[in-house]
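A short write-up of the structure that comes next.
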Amino acid sequence: GAPGAPASPGPAVGGLMPVAVYLSARTEASLVQAVVDSRMRKRQRGVYGPPLLTQRAVVVVEDLAAPEPEAYGAQPPLELLRELLERGGWHSPAPAGAPQNEFRRIADTLVVATMHPEGSGSARALPPRLRRHLVAIALEPASAAALERIYGSIVGAHAAGHDDLRTLAPSLVRATVAVFQSAREALLPTPARPHYTFNARDVGAVAQGLVSARPEAIGGRGGFVRLWVHEISRVFGDRLMGAEDAAWLDAAVTSAQREQVRLTDA
């Protein structure tokens with residue numbers, strides 16, 4: 001799809017109607033406005049909101065700092081969101097023949113956004129006029145040691161009673177974390193590859209795949225390693241574009257397996 005294109009709208013849950021907006025370097029303000037406006041219904045003249053009066057819309061903006069500045073520094077998608085936060089709505093393009101644009105008040109709507117720390121990767125500093133409307137909550141990423149301890153315990157517990165698999169579980173988790181860290185450093189998101197974002201959920205997805213197989217059906221330590229390679233390919237490889245990135249993943253898996261996985265572990 002086009003850069004910044006939204007995912008399929010989700011259903012309203014518990015009185016909240018999520019509206020997903022994914023930003024990239026090329027996202028245009030008109031796309032952001034169209035995504036939000038498409039989920040709203042007219043309540044009265046100039047006032048729009050969620051379809052049900054008991055609902056609140058939550059505009060979830062992912063990668064808030066991604067839009068590329070124009071020649072003079074403006075970031076139109078962010079200016080549009082600032083207008084929503086500051087004035088409670090925005091100007092909508094006027095229909096043909098109308099004298100001027102209509103100001104639409106967007107009622108019962110909250111904005112929640114996520115972004116990488118400023119200065120990391122493609123994350124840029126937010127405009128001060130937008131930042132002053134936001135409450136920043138910073139979450140420290142889990143360390144490699146924490147990921148290894150958490151998921152090593154989960155995979156090891158699943159293989160309890162099968163010592164050949166249980167003793168190999170920590171090595172496979174360490175190798176998974178090594179691939180994850182390498183991918184996060186080497187496979188950065190770009191306008192052509194905005195989905196190249198890796199986080200701790202990917203480590204969890206590999207671990208979930210490992211514990212989905214019955215230990216007695218895995219086929220020993222060699223089968224456990226083959227299952228791990230399959231899960232790495234599923235979680236990381238399925239989102240890669242091009243032979244060059246696929247070859248990079250093959251090399252990363254080989255390196256992690258050689259350095260972290262020892263079939264002779266007792």
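Identifiers in the structure tokens: chain A, B, ... in order shown; residue index from 1 per chain; ligand index from 1 in order shown.
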Residues at most 12 Å from Leu84 (chain A), counting only C-alpha atoms, excluding those fewer than 2 positions away in the same chain, as a PyMOL selection string? chain A and resi 32-33+36-37+59+77-82+86-92+103-111+130+133
Using DSSP on the backbone, list every residue of region 84-182 of chain A that comes out as alpha helix (DSSP H), and give them as a ChimeraX atom specification. /A:84-87,128-131,144-158,163-166,169-182
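Neighbouring residues of Ile150 (chain A) at 12 Å or closer, counting only C-alpha atoms and skipping chain neighbours under 4 positions away, are Ala142, Ser143, Ala144, Ala145, Ala146, Ile154, Val155, Gly156, Ala157, Ala169, Pro170, Val173, Arg174, Val177, Ala200, Val203, Gly204 and Ala207 of chain A.
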Quick one: residues within 9 Å of Phe198 (chain A), only C-alpha atoms counted, chain neighbours fewer than 6 positions away excluded, as a list of chain:residue names? A:Phe180, A:Gln181, A:Ala183, A:Arg184, A:Leu187, A:Leu188, A:Phe236
Can those selected residues be exported to a file as a PDB file, in the first residue's frame so that it contains N, CA and C atoms?
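Output file result_9.pdb is given in full below:
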```
ATOM      1  N   PHE A 180      17.454 -10.707  16.930  1.00  0.00           N
ATOM      2  CA  PHE A 180      16.591  -9.534  17.118  1.00  0.00           C
ATOM      3  C   PHE A 180      17.419  -8.250  17.215  1.00  0.00           C
ATOM      4  N   GLN A 181      18.469  -8.256  18.029  1.00  0.00           N
ATOM      5  CA  GLN A 181      19.286  -7.057  18.170  1.00  0.00           C
ATOM      6  C   GLN A 181      19.996  -6.708  16.863  1.00  0.00           C
ATOM      7  N   ALA A 183      18.915  -7.403  13.814  1.00  0.00           N
ATOM      8  CA  ALA A 183      17.905  -6.909  12.873  1.00  0.00           C
ATOM      9  C   ALA A 183      17.516  -5.478  13.193  1.00  0.00           C
ATOM     10  N   ARG A 184      17.410  -5.167  14.476  1.00  0.00           N
ATOM     11  CA  ARG A 184      17.022  -3.805  14.858  1.00  0.00           C
ATOM     12  C   ARG A 184      18.081  -2.783  14.467  1.00  0.00           C
ATOM     13  N   LEU A 187      18.432  -3.533   9.908  1.00  0.00           N
ATOM     14  CA  LEU A 187      17.257  -3.425   9.032  1.00  0.00           C
ATOM     15  C   LEU A 187      16.379  -2.280   9.520  1.00  0.00           C
ATOM     16  N   LEU A 188      16.752  -1.077   9.137  1.00  0.00           N
ATOM     17  CA  LEU A 188      16.043   0.110   9.613  1.00  0.00           C
ATOM     18  C   LEU A 188      14.870   0.429   8.690  1.00  0.00           C
ATOM     19  N   PHE A 236      10.823 -13.103  11.426  1.00  0.00           N
ATOM     20  CA  PHE A 236      11.666 -12.056  10.860  1.00  0.00           C
ATOM     21  C   PHE A 236      11.691 -12.093   9.328  1.00  0.00           C
TER      22      PHE A 236
END
```
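Of the listed residues A:Arg41, A:Arg124, A:Arg239, A:Arg132, the one whose atoms come nearest to Leu53 (chain A) is A:Arg41, with distances taken using only C-alpha atoms.
Distance-wise, CA of Ile137 (chain A) and CA of His116 (chain A) end up 11.6 Å apart.
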Coordinates-based distance that separates CA of Leu210 (chain A) from CA of Gly152 (chain A) (Å, one decimal): 11.0 Å
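Coordinates place CA of Tyr151 (chain A) at a distance of 20.2 Å from CA of Arg258 (chain A).
Distance annotation: of A:Val179, A:Leu249, A:Ala29, A:Ala20, the residue with the minimal separation from Pro67 (chain A) is A:Ala29; atom set is only C-alpha atoms.
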Give me, as a ChimeraX atom specification, all polymer residues having an atom no more than 10 Å from Pro69 (chain A), counting only C-alpha atoms and skipping those fewer than 3 positions away in the same chain. /A:25-26,66,72-78,124
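Excluding Asp164 (chain A) and any residue on its chain fewer than 2 positions from it, the residues at most 8 Å away by only C-alpha atoms are His162, Arg166, Thr167, Leu168, Gly220, Arg221 and Ala266 of chain A.
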Expected file contents, prior selection, N, CA, C and O atoms, as a PDB file, in the first residue's frame:
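After the write, result09.pdb holds the following:
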```
ATOM      1  N   HIS A 162      11.972 -33.163  29.574  1.00  0.00           N
ATOM      2  CA  HIS A 162      12.751 -33.580  28.404  1.00  0.00           C
ATOM      3  C   HIS A 162      14.096 -32.877  28.495  1.00  0.00           C
ATOM      4  O   HIS A 162      14.284 -31.785  27.951  1.00  0.00           O
ATOM      5  N   ARG A 166      15.281 -29.163  27.366  1.00  0.00           N
ATOM      6  CA  ARG A 166      15.310 -28.147  28.418  1.00  0.00           C
ATOM      7  C   ARG A 166      16.674 -27.477  28.506  1.00  0.00           C
ATOM      8  O   ARG A 166      16.765 -26.259  28.666  1.00  0.00           O
ATOM      9  N   THR A 167      17.744 -28.242  28.376  1.00  0.00           N
ATOM     10  CA  THR A 167      19.082 -27.664  28.485  1.00  0.00           C
ATOM     11  C   THR A 167      19.452 -26.850  27.253  1.00  0.00           C
ATOM     12  O   THR A 167      20.360 -26.021  27.296  1.00  0.00           O
ATOM     13  N   LEU A 168      18.750 -27.085  26.146  1.00  0.00           N
ATOM     14  CA  LEU A 168      19.028 -26.328  24.930  1.00  0.00           C
ATOM     15  C   LEU A 168      18.225 -25.032  24.858  1.00  0.00           C
ATOM     16  O   LEU A 168      18.588 -24.103  24.131  1.00  0.00           O
ATOM     17  N   GLY A 220      14.095 -34.405  19.260  1.00  0.00           N
ATOM     18  CA  GLY A 220      15.407 -34.232  19.868  1.00  0.00           C
ATOM     19  C   GLY A 220      15.987 -32.848  19.660  1.00  0.00           C
ATOM     20  O   GLY A 220      15.331 -31.925  19.181  1.00  0.00           O
ATOM     21  N   ARG A 221      17.269 -32.735  20.008  1.00  0.00           N
ATOM     22  CA  ARG A 221      17.918 -31.432  19.988  1.00  0.00           C
ATOM     23  C   ARG A 221      18.038 -30.881  18.563  1.00  0.00           C
ATOM     24  O   ARG A 221      17.842 -29.687  18.325  1.00  0.00           O
ATOM     25  N   ALA A 266      25.110 -30.286  27.898  1.00  0.00           N
ATOM     26  CA  ALA A 266      24.531 -31.368  28.715  1.00  0.00           C
ATOM     27  C   ALA A 266      23.373 -30.857  29.540  1.00  0.00           C
ATOM     28  O   ALA A 266      23.281 -29.695  29.837  1.00  0.00           O
TER      29      ALA A 266
END
```
